[in-house]
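Data file: start.pdb. Format and content: PDB, C-alpha atoms, pLDDT in the B column.
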```pdb
ATOM      1  CA  LEU A 164       1.889  10.799 -18.625  1.00 79.00           C
ATOM      2  CA  ALA A 165       2.950  12.244 -21.967  1.00 80.00           C
ATOM      3  CA  GLU A 166       2.540   8.808 -23.577  1.00 82.00           C
ATOM      4  CA  LEU A 167      -0.937   8.413 -22.101  1.00 79.00           C
ATOM      5  CA  THR A 168      -2.164  11.631 -23.695  1.00 77.00           C
ATOM      6  CA  HIS A 169      -1.310  10.243 -27.150  1.00 82.00           C
ATOM      7  CA  HIS A 170      -3.367   7.069 -26.695  1.00 85.00           C
ATOM      8  CA  PRO A 171      -6.478   7.396 -28.910  1.00 87.00           C
ATOM      9  CA  ARG A 172      -8.899   5.932 -26.355  1.00 88.00           C
ATOM     10  CA  ILE A 173      -7.840   8.079 -23.401  1.00 87.00           C
ATOM     11  CA  LEU A 174     -10.067  11.144 -23.267  1.00 86.00           C
ATOM     12  CA  GLY A 175      -8.481  12.843 -20.277  1.00 83.00           C
ATOM     13  CA  VAL A 176      -5.653  12.509 -17.775  1.00 83.00           C
ATOM     14  CA  GLU A 177      -5.497  14.049 -14.318  1.00 85.00           C
ATOM     15  CA  ALA A 178      -2.419  13.541 -12.149  1.00 87.00           C
ATOM     16  CA  HIS A 179      -1.815  14.575  -8.552  1.00 91.00           C
ATOM     17  CA  ARG A 180       1.038  14.143  -6.142  1.00 94.00           C
ATOM     18  CA  LEU A 181       0.689  12.105  -2.966  1.00 93.00           C
ATOM     19  CA  LEU A 182       2.046  14.399  -0.267  1.00 94.00           C
ATOM     20  CA  ARG A 183       1.930  11.967   2.627  1.00 93.00           C
ATOM     21  CA  ASN A 184       0.704   8.470   3.415  1.00 92.00           C
ATOM     22  CA  LEU A 185      -1.350   8.941   6.591  1.00 93.00           C
ATOM     23  CA  MET A 186      -1.896   5.263   7.423  1.00 89.00           C
ATOM     24  CA  ASP A 187       0.306   3.720  10.091  1.00 82.00           C
ATOM     25  CA  ARG A 188      -1.057   0.238   9.446  1.00 79.00           C
ATOM     26  CA  ARG A 189      -2.345  -1.983   6.633  1.00 78.00           C
ATOM     27  CA  TRP A 190      -5.982  -2.944   6.060  1.00 79.00           C
ATOM     28  CA  SER A 191      -6.866  -5.215   8.972  1.00 76.00           C
ATOM     29  CA  GLY A 192      -8.519  -7.840   6.768  1.00 77.00           C
ATOM     30  CA  ARG A 193      -5.129  -8.687   5.209  1.00 74.00           C
ATOM     31  CA  THR A 194      -4.131 -10.769   8.200  1.00 74.00           C
ATOM     32  CA  SER A 195      -7.544 -11.895   9.475  1.00 73.00           C
ATOM     33  CA  ALA A 196      -6.803 -15.563   8.702  1.00 73.00           C
ATOM     34  CA  LEU A 197      -3.414 -15.568  10.495  1.00 77.00           C
ATOM     35  CA  THR A 198      -2.397 -16.208  14.076  1.00 82.00           C
ATOM     36  CA  ASP A 199      -0.679 -13.496  16.142  1.00 84.00           C
ATOM     37  CA  GLU A 200       2.616 -15.388  15.744  1.00 85.00           C
ATOM     38  CA  GLN A 201       2.254 -15.458  11.949  1.00 78.00           C
ATOM     39  CA  ILE A 202       1.408 -11.747  11.860  1.00 75.00           C
ATOM     40  CA  SER A 203       4.457 -10.976  13.983  1.00 77.00           C
ATOM     41  CA  ALA A 204       6.707 -12.939  11.602  1.00 71.00           C
ATOM     42  CA  LEU A 205       5.535 -10.758   8.702  1.00 70.00           C
ATOM     43  CA  ARG A 206       6.497  -7.484  10.351  1.00 70.00           C
ATOM     44  CA  SER A 207       9.648  -5.859   9.056  1.00 64.00           C
ATOM     45  CA  PRO A 208      12.314  -4.897  11.569  1.00 63.00           C
ATOM     46  CA  ASP A 209      12.291  -1.209  12.518  1.00 64.00           C
ATOM     47  CA  PRO A 210      14.676   0.459  10.019  1.00 56.00           C
ATOM     48  CA  HIS A 211      15.125   3.449  12.348  1.00 59.00           C
ATOM     49  CA  ASP A 212      17.320   1.314  14.598  1.00 61.00           C
ATOM     50  CA  ALA A 213      19.695   0.276  11.805  1.00 63.00           C
ATOM     51  CA  ALA A 214      22.782   2.042  10.528  1.00 70.00           C
ATOM     52  CA  PRO A 215      22.843   3.127   6.867  1.00 76.00           C
ATOM     53  CA  ILE A 216      23.934   0.365   4.540  1.00 82.00           C
ATOM     54  CA  ALA A 217      26.083   0.493   1.383  1.00 87.00           C
ATOM     55  CA  LEU A 218      25.118  -1.829  -1.456  1.00 88.00           C
ATOM     56  CA  ASN A 219      27.733  -4.393  -2.464  1.00 92.00           C
ATOM     57  CA  ASP A 220      28.307  -6.941  -5.249  1.00 92.00           C
ATOM     58  CA  LEU A 221      26.032  -9.514  -3.598  1.00 93.00           C
ATOM     59  CA  ASP A 222      23.218  -6.945  -3.469  1.00 92.00           C
ATOM     60  CA  ARG A 223      23.621  -6.155  -7.163  1.00 92.00           C
ATOM     61  CA  ARG A 224      23.023  -9.838  -7.939  1.00 92.00           C
ATOM     62  CA  LEU A 225      20.438 -10.477  -5.235  1.00 93.00           C
ATOM     63  CA  LEU A 226      18.077  -7.511  -5.696  1.00 91.00           C
ATOM     64  CA  PRO A 227      17.256  -8.173  -9.390  1.00 91.00           C
ATOM     65  CA  ALA A 228      16.535 -11.815  -8.532  1.00 92.00           C
ATOM     66  CA  LEU A 229      14.145 -10.724  -5.780  1.00 90.00           C
ATOM     67  CA  ALA A 230      12.507  -8.183  -8.094  1.00 86.00           C
ATOM     68  CA  ALA A 231      11.836 -10.990 -10.599  1.00 87.00           C
ATOM     69  CA  ASP A 232      10.524 -13.416  -7.954  1.00 88.00           C
ATOM     70  CA  GLY A 233       9.931 -12.087  -4.461  1.00 84.00           C
ATOM     71  CA  ARG A 234       9.057 -15.609  -3.290  1.00 86.00           C
ATOM     72  CA  ALA A 235      12.310 -17.231  -4.390  1.00 92.00           C
ATOM     73  CA  ALA A 236      13.774 -19.588  -1.780  1.00 94.00           C
ATOM     74  CA  TYR A 237      17.234 -19.032  -0.291  1.00 95.00           C
ATOM     75  CA  PRO A 238      18.870 -21.894  -2.260  1.00 95.00           C
ATOM     76  CA  SER A 239      17.576 -20.444  -5.552  1.00 94.00           C
ATOM     77  CA  LEU A 240      18.751 -16.931  -4.611  1.00 94.00           C
ATOM     78  CA  ALA A 241      22.158 -18.307  -3.622  1.00 94.00           C
ATOM     79  CA  ARG A 242      22.526 -20.088  -7.001  1.00 94.00           C
ATOM     80  CA  HIS A 243      21.486 -16.943  -8.886  1.00 92.00           C
ATOM     81  CA  ALA A 244      23.863 -14.711  -6.918  1.00 92.00           C
ATOM     82  CA  GLY A 245      26.760 -17.185  -6.917  1.00 93.00           C
ATOM     83  CA  TRP A 246      27.151 -16.881  -3.126  1.00 94.00           C
ATOM     84  CA  SER A 247      26.522 -19.305  -0.280  1.00 94.00           C
ATOM     85  CA  GLU A 248      23.028 -19.724   1.126  1.00 94.00           C
ATOM     86  CA  SER A 249      24.177 -18.576   4.576  1.00 95.00           C
ATOM     87  CA  ALA A 250      25.665 -15.385   3.083  1.00 95.00           C
ATOM     88  CA  VAL A 251      22.391 -14.693   1.244  1.00 95.00           C
ATOM     89  CA  ARG A 252      20.363 -15.250   4.431  1.00 94.00           C
ATOM     90  CA  ARG A 253      22.594 -12.886   6.449  1.00 94.00           C
ATOM     91  CA  ARG A 254      22.588 -10.229   3.751  1.00 94.00           C
ATOM     92  CA  LEU A 255      18.823 -10.312   3.316  1.00 92.00           C
ATOM     93  CA  ALA A 256      18.394  -9.949   7.071  1.00 89.00           C
ATOM     94  CA  ASP A 257      20.702  -6.888   6.980  1.00 89.00           C
ATOM     95  CA  LEU A 258      18.838  -5.395   4.012  1.00 90.00           C
ATOM     96  CA  ARG A 259      15.473  -5.893   5.709  1.00 85.00           C
ATOM     97  CA  ARG A 260      16.735  -4.428   8.973  1.00 84.00           C
ATOM     98  CA  SER A 261      18.014  -1.328   7.173  1.00 84.00           C
ATOM     99  CA  GLY A 262      14.768  -0.872   5.237  1.00 80.00           C
ATOM    100  CA  VAL A 263      16.426  -1.382   1.827  1.00 84.00           C
ATOM    101  CA  VAL A 264      14.316  -4.508   1.228  1.00 85.00           C
ATOM    102  CA  ARG A 265      10.658  -4.771   2.160  1.00 78.00           C
ATOM    103  CA  PHE A 266       8.385  -7.673   1.335  1.00 73.00           C
ATOM    104  CA  ASP A 267       4.761  -7.036   0.418  1.00 69.00           C
ATOM    105  CA  VAL A 268       1.818  -9.257  -0.455  1.00 68.00           C
ATOM    106  CA  GLU A 269      -1.029  -8.338  -2.777  1.00 74.00           C
ATOM    107  CA  ILE A 270      -4.393  -9.769  -1.781  1.00 78.00           C
ATOM    108  CA  ASP A 271      -7.875  -9.982  -3.246  1.00 83.00           C
ATOM    109  CA  THR A 272     -10.183  -8.512  -0.594  1.00 87.00           C
ATOM    110  CA  ALA A 273     -13.148 -10.426  -2.037  1.00 87.00           C
ATOM    111  CA  VAL A 274     -11.539 -13.688  -0.874  1.00 84.00           C
ATOM    112  CA  PHE A 275     -11.833 -12.349   2.677  1.00 84.00           C
ATOM    113  CA  GLY A 276     -15.501 -11.438   2.216  1.00 87.00           C
ATOM    114  CA  PHE A 277     -14.973  -7.759   1.277  1.00 90.00           C
ATOM    115  CA  PRO A 278     -15.701  -7.471  -2.469  1.00 94.00           C
ATOM    116  CA  VAL A 279     -16.576  -3.753  -2.483  1.00 96.00           C
ATOM    117  CA  GLN A 280     -13.694  -1.277  -2.826  1.00 95.00           C
ATOM    118  CA  CYS A 281     -14.138   2.420  -3.444  1.00 96.00           C
ATOM    119  CA  LEU A 282     -11.891   5.435  -4.020  1.00 96.00           C
ATOM    120  CA  LEU A 283     -12.908   8.423  -1.902  1.00 97.00           C
ATOM    121  CA  TRP A 284     -11.792  11.930  -2.788  1.00 97.00           C
ATOM    122  CA  LEU A 285     -12.438  14.305   0.090  1.00 97.00           C
ATOM    123  CA  THR A 286     -12.173  18.059   0.256  1.00 97.00           C
ATOM    124  CA  VAL A 287     -11.426  18.885   3.868  1.00 97.00           C
ATOM    125  CA  THR A 288     -11.044  22.239   5.598  1.00 96.00           C
ATOM    126  CA  PRO A 289      -7.246  22.694   5.885  1.00 95.00           C
ATOM    127  CA  SER A 290      -7.367  23.183   9.662  1.00 96.00           C
ATOM    128  CA  ARG A 291      -9.203  19.852  10.020  1.00 96.00           C
ATOM    129  CA  LEU A 292      -7.167  17.862   7.488  1.00 96.00           C
ATOM    130  CA  SER A 293      -4.981  16.085  10.049  1.00 95.00           C
ATOM    131  CA  SER A 294      -7.829  15.199  12.421  1.00 96.00           C
ATOM    132  CA  VAL A 295     -10.081  13.892   9.614  1.00 97.00           C
ATOM    133  CA  ALA A 296      -7.207  11.862   8.133  1.00 96.00           C
ATOM    134  CA  HIS A 297      -6.360  10.270  11.480  1.00 95.00           C
ATOM    135  CA  ALA A 298     -10.028   9.501  12.159  1.00 96.00           C
ATOM    136  CA  LEU A 299     -10.370   7.763   8.783  1.00 96.00           C
ATOM    137  CA  ALA A 300      -7.059   5.919   9.187  1.00 94.00           C
ATOM    138  CA  ALA A 301      -8.393   4.323  12.382  1.00 93.00           C
ATOM    139  CA  ASP A 302     -11.514   2.958  10.651  1.00 94.00           C
ATOM    140  CA  ALA A 303     -11.701  -0.767   9.888  1.00 91.00           C
ATOM    141  CA  GLU A 304     -12.948   0.101   6.393  1.00 94.00           C
ATOM    142  CA  ALA A 305      -9.866   2.165   5.532  1.00 94.00           C
ATOM    143  CA  ALA A 306      -7.241   0.461   3.362  1.00 92.00           C
ATOM    144  CA  PHE A 307      -5.428   3.698   2.534  1.00 93.00           C
ATOM    145  CA  VAL A 308      -5.553   7.364   3.537  1.00 96.00           C
ATOM    146  CA  GLY A 309      -3.243   9.995   2.082  1.00 96.00           C
ATOM    147  CA  ALA A 310      -2.925  13.748   1.657  1.00 96.00           C
ATOM    148  CA  THR A 311      -2.771  14.801  -1.977  1.00 96.00           C
ATOM    149  CA  THR A 312      -2.559  17.803  -4.259  1.00 96.00           C
ATOM    150  CA  GLY A 313      -5.429  18.852  -6.532  1.00 92.00           C
ATOM    151  CA  ARG A 314      -9.079  19.777  -6.081  1.00 92.00           C
ATOM    152  CA  HIS A 315      -9.358  17.333  -3.190  1.00 95.00           C
ATOM    153  CA  ASN A 316      -6.804  17.260  -0.412  1.00 96.00           C
ATOM    154  CA  LEU A 317      -7.470  13.764   0.951  1.00 97.00           C
ATOM    155  CA  LEU A 318      -7.621  10.406  -0.844  1.00 96.00           C
ATOM    156  CA  ALA A 319      -8.890   7.234   0.811  1.00 96.00           C
ATOM    157  CA  ILE A 320      -9.678   3.680  -0.240  1.00 95.00           C
ATOM    158  CA  ALA A 321     -12.586   2.034   1.565  1.00 96.00           C
ATOM    159  CA  VAL A 322     -13.086  -1.740   1.656  1.00 95.00           C
ATOM    160  CA  CYS A 323     -16.566  -3.003   2.604  1.00 95.00           C
ATOM    161  CA  ARG A 324     -18.589  -6.220   2.698  1.00 94.00           C
ATOM    162  CA  ASP A 325     -21.254  -4.911   0.301  1.00 96.00           C
ATOM    163  CA  GLU A 326     -22.782  -1.767  -1.216  1.00 96.00           C
ATOM    164  CA  ASP A 327     -25.055  -1.283   1.788  1.00 97.00           C
ATOM    165  CA  ALA A 328     -22.068  -1.262   4.146  1.00 96.00           C
ATOM    166  CA  LEU A 329     -20.314   1.255   1.886  1.00 97.00           C
ATOM    167  CA  TYR A 330     -23.395   3.486   1.896  1.00 97.00           C
ATOM    168  CA  THR A 331     -23.550   3.339   5.691  1.00 97.00           C
ATOM    169  CA  TYR A 332     -19.844   4.169   5.942  1.00 97.00           C
ATOM    170  CA  LEU A 333     -20.203   7.167   3.618  1.00 96.00           C
ATOM    171  CA  SER A 334     -23.372   8.554   5.163  1.00 96.00           C
ATOM    172  CA  ASP A 335     -23.105   7.680   8.852  1.00 95.00           C
ATOM    173  CA  ARG A 336     -19.343   7.916   9.317  1.00 96.00           C
ATOM    174  CA  ILE A 337     -17.769  10.253   6.771  1.00 96.00           C
ATOM    175  CA  GLY A 338     -20.918  12.379   6.525  1.00 93.00           C
ATOM    176  CA  PHE A 339     -20.595  13.306  10.195  1.00 94.00           C
ATOM    177  CA  LEU A 340     -16.861  14.090  10.254  1.00 96.00           C
ATOM    178  CA  ASP A 341     -16.323  17.753  11.099  1.00 95.00           C
ATOM    179  CA  GLY A 342     -14.390  19.496   8.349  1.00 96.00           C
ATOM    180  CA  VAL A 343     -15.420  17.362   5.346  1.00 96.00           C
ATOM    181  CA  GLU A 344     -16.761  19.832   2.788  1.00 96.00           C
ATOM    182  CA  ARG A 345     -17.114  17.572  -0.233  1.00 96.00           C
ATOM    183  CA  LEU A 346     -16.880  13.876  -1.075  1.00 96.00           C
ATOM    184  CA  GLU A 347     -16.612  12.158  -4.469  1.00 96.00           C
ATOM    185  CA  THR A 348     -16.520   8.397  -4.893  1.00 96.00           C
ATOM    186  CA  ALA A 349     -15.534   5.928  -7.602  1.00 95.00           C
ATOM    187  CA  PRO A 350     -15.868   2.150  -7.319  1.00 95.00           C
ATOM    188  CA  ILE A 351     -12.752   0.056  -7.895  1.00 93.00           C
ATOM    189  CA  THR A 352     -13.822  -2.789 -10.162  1.00 89.00           C
ATOM    190  CA  SER A 353     -10.388  -4.232 -10.916  1.00 85.00           C
ATOM    191  CA  TYR A 354      -6.652  -3.569 -10.684  1.00 79.00           C
ATOM    192  CA  THR A 355      -4.322  -3.632 -13.659  1.00 75.00           C
ATOM    193  CA  LYS A 356      -1.128  -2.914 -11.725  1.00 67.00           C
ATOM    194  CA  ARG A 357      -0.332  -2.418  -8.080  1.00 65.00           C
ATOM    195  CA  VAL A 358       3.035  -2.675  -6.318  1.00 58.00           C
ATOM    196  CA  ALA A 359       5.692  -3.425  -8.928  1.00 48.00           C
ATOM    197  CA  PRO A 360       9.419  -2.944  -9.444  1.00 44.00           C
ATOM    198  CA  ILE A 361      10.504   0.273 -11.096  1.00 43.00           C
ATOM    199  CA  SER A 362      12.121  -0.658 -14.405  1.00 37.00           C
TER     200      SER A 362
END
```
Please re-express this file's structure in structure tokens.
Amino acid sequence: LAELTHHPRILGVEAHRLLRNLMDRRWSGRTSALTDEQISALRSPDPHDAAPIALNDLDRRLLPALAADGRAAYPSLARHAGWSESAVRRRLADLRRSGVVRFDVEIDTAVFGFPVQCLLWLTVTPSRLSSVAHALAADAEAAFVGATTGRHNLLAIAVCRDEDALYTYLSDRIGFLDGVERLETAPITSYTKRVAPIS
């Protein structure tokens, strides 16, 4: 943030903290082209059922390789780590089960027929925050809902087929939610960076 303020073309910076992700699912359009079996294969094992795991030498070789190429095949990972393919397979299964490793896929919603994305900043009466968040999280249009600090206490990302569908969602759905005091919107025209390794 300090570096951003020194950039000559940045006129202002506003930063807030995400207090809680309130979505218990991903945007439904992500898997619309897949079968139920394919969707099931993508789900991570429940990490709550696994015992804590200590990282070892294999992990220290394996995790950087995965960070560089999350789609690397087992033989390539085994060569990079200097371990057998079967050991790499077993260890990755353990790491996924424990929640240490999670695979994610970035998609372009326009490919699925949903080219309109919009950031929604909502100011919600504190006593209604949870109910409004859960109502939005259940909507097909919702790709993300989270509680945040700042002037607005709820942030959402809506994904729609077109501007008319977005208008209808804002006016006929969000406009009638009890507890929403204020709504500000900003279209998302492109992404520069999404999920990425911390380095």
Set up a box along x, y and z of the file covering all listed atoms of stretch 241-252 of chain A, add 4 Å on every one of the six sides, and write the centre and edge lengths in Å to one decimal, as JSON.
```
{"center_x": 23.8, "center_y": -17.4, "center_z": -2.2, "size_x": 14.8, "size_y": 13.4, "size_z": 21.5}
```
Residues near A:Val279, cut-off 8 Å, all atoms listed in the file, skip fewer than 6 positions along chain, as a ChimeraX atom specification: /A:273,322-326,329,350-351
Write out, as an mmCIF file, keeping the file's coordinate frame, the residues just selected, with C-alpha atoms.
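The result, stored in result-v7.cif:
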```cif
data_model
loop_
_atom_site.group_PDB
_atom_site.id
_atom_site.type_symbol
_atom_site.label_atom_id
_atom_site.label_comp_id
_atom_site.auth_asym_id
_atom_site.auth_seq_id
_atom_site.Cartn_x
_atom_site.Cartn_y
_atom_site.Cartn_z
ATOM 1 C CA ALA A 273 -13.148 -10.426 -2.037
ATOM 2 C CA VAL A 322 -13.086 -1.740 1.656
ATOM 3 C CA CYS A 323 -16.566 -3.003 2.604
ATOM 4 C CA ARG A 324 -18.589 -6.220 2.698
ATOM 5 C CA ASP A 325 -21.254 -4.911 0.301
ATOM 6 C CA GLU A 326 -22.782 -1.767 -1.216
ATOM 7 C CA LEU A 329 -20.314 1.255 1.886
ATOM 8 C CA PRO A 350 -15.868 2.150 -7.319
ATOM 9 C CA ILE A 351 -12.752 0.056 -7.895
#
```
List as a PDB file with C-alpha atoms, keeping the file's coordinate frame: which residues have an atom within 7 Å of (-3.8, 3.6, 3.9), counting all atoms listed in the file?
```pdb
ATOM      1  CA  ASN A 184       0.704   8.470   3.415  1.00 92.00           C
ATOM      2  CA  LEU A 185      -1.350   8.941   6.591  1.00 93.00           C
ATOM      3  CA  MET A 186      -1.896   5.263   7.423  1.00 89.00           C
ATOM      4  CA  ARG A 189      -2.345  -1.983   6.633  1.00 78.00           C
ATOM      5  CA  ALA A 300      -7.059   5.919   9.187  1.00 94.00           C
ATOM      6  CA  ALA A 305      -9.866   2.165   5.532  1.00 94.00           C
ATOM      7  CA  ALA A 306      -7.241   0.461   3.362  1.00 92.00           C
ATOM      8  CA  PHE A 307      -5.428   3.698   2.534  1.00 93.00           C
ATOM      9  CA  VAL A 308      -5.553   7.364   3.537  1.00 96.00           C
ATOM     10  CA  GLY A 309      -3.243   9.995   2.082  1.00 96.00           C
ATOM     11  CA  ALA A 319      -8.890   7.234   0.811  1.00 96.00           C
TER      12      ALA A 319
END
```
For the file shown, what are the residues hit by the PyMOL selection byres ((chain A and resi 244-254) around 10), laid out as a compact mmCIF listing (two decimals) with C-alpha atoms, keeping the file's coordinate frame?
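As a result, expr35.txt now contains:
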```
# COMPACT_ATOMS: atom_id res chain seq x y z
CA ASN A 219 27.73 -4.39 -2.46
CA ASP A 220 28.31 -6.94 -5.25
CA LEU A 221 26.03 -9.51 -3.60
CA ASP A 222 23.22 -6.94 -3.47
CA ARG A 223 23.62 -6.16 -7.16
CA ARG A 224 23.02 -9.84 -7.94
CA LEU A 225 20.44 -10.48 -5.24
CA LEU A 226 18.08 -7.51 -5.70
CA PRO A 227 17.26 -8.17 -9.39
CA ALA A 228 16.54 -11.82 -8.53
CA ALA A 236 13.77 -19.59 -1.78
CA TYR A 237 17.23 -19.03 -0.29
CA PRO A 238 18.87 -21.89 -2.26
CA SER A 239 17.58 -20.44 -5.55
CA LEU A 240 18.75 -16.93 -4.61
CA ALA A 241 22.16 -18.31 -3.62
CA ARG A 242 22.53 -20.09 -7.00
CA HIS A 243 21.49 -16.94 -8.89
CA LEU A 255 18.82 -10.31 3.32
CA ALA A 256 18.39 -9.95 7.07
CA ASP A 257 20.70 -6.89 6.98
CA LEU A 258 18.84 -5.40 4.01
CA ARG A 259 15.47 -5.89 5.71
CA ARG A 260 16.74 -4.43 8.97
```
Atomic separation - atom CA of A:Leu282 relative to atom CA of A:Ala349, Å: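 Computing the Euclidean distance for atom CA of A:Ala349 and atom CA of A:Leu282 yields 5.1 Å.
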Atom CA of A:Arg291 to atom CA of A:Ile337, distance in Å rounded to a single decimal: 13.3 Å
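Residue neighbourhood of stretch 200-205 of chain A, excluding near-sequence residues (fewer than 5 positions): Arg189, Ser191, Gly192, Arg193, Thr194, Ser195, Arg259, Arg265, Phe266, Asp267 and Val268 of chain A, at 12 Å, using only C-alpha atoms.
Note that the spacing between atom CA of A:Leu346 and atom CA of A:Leu164 amounts to 25.9 Å.
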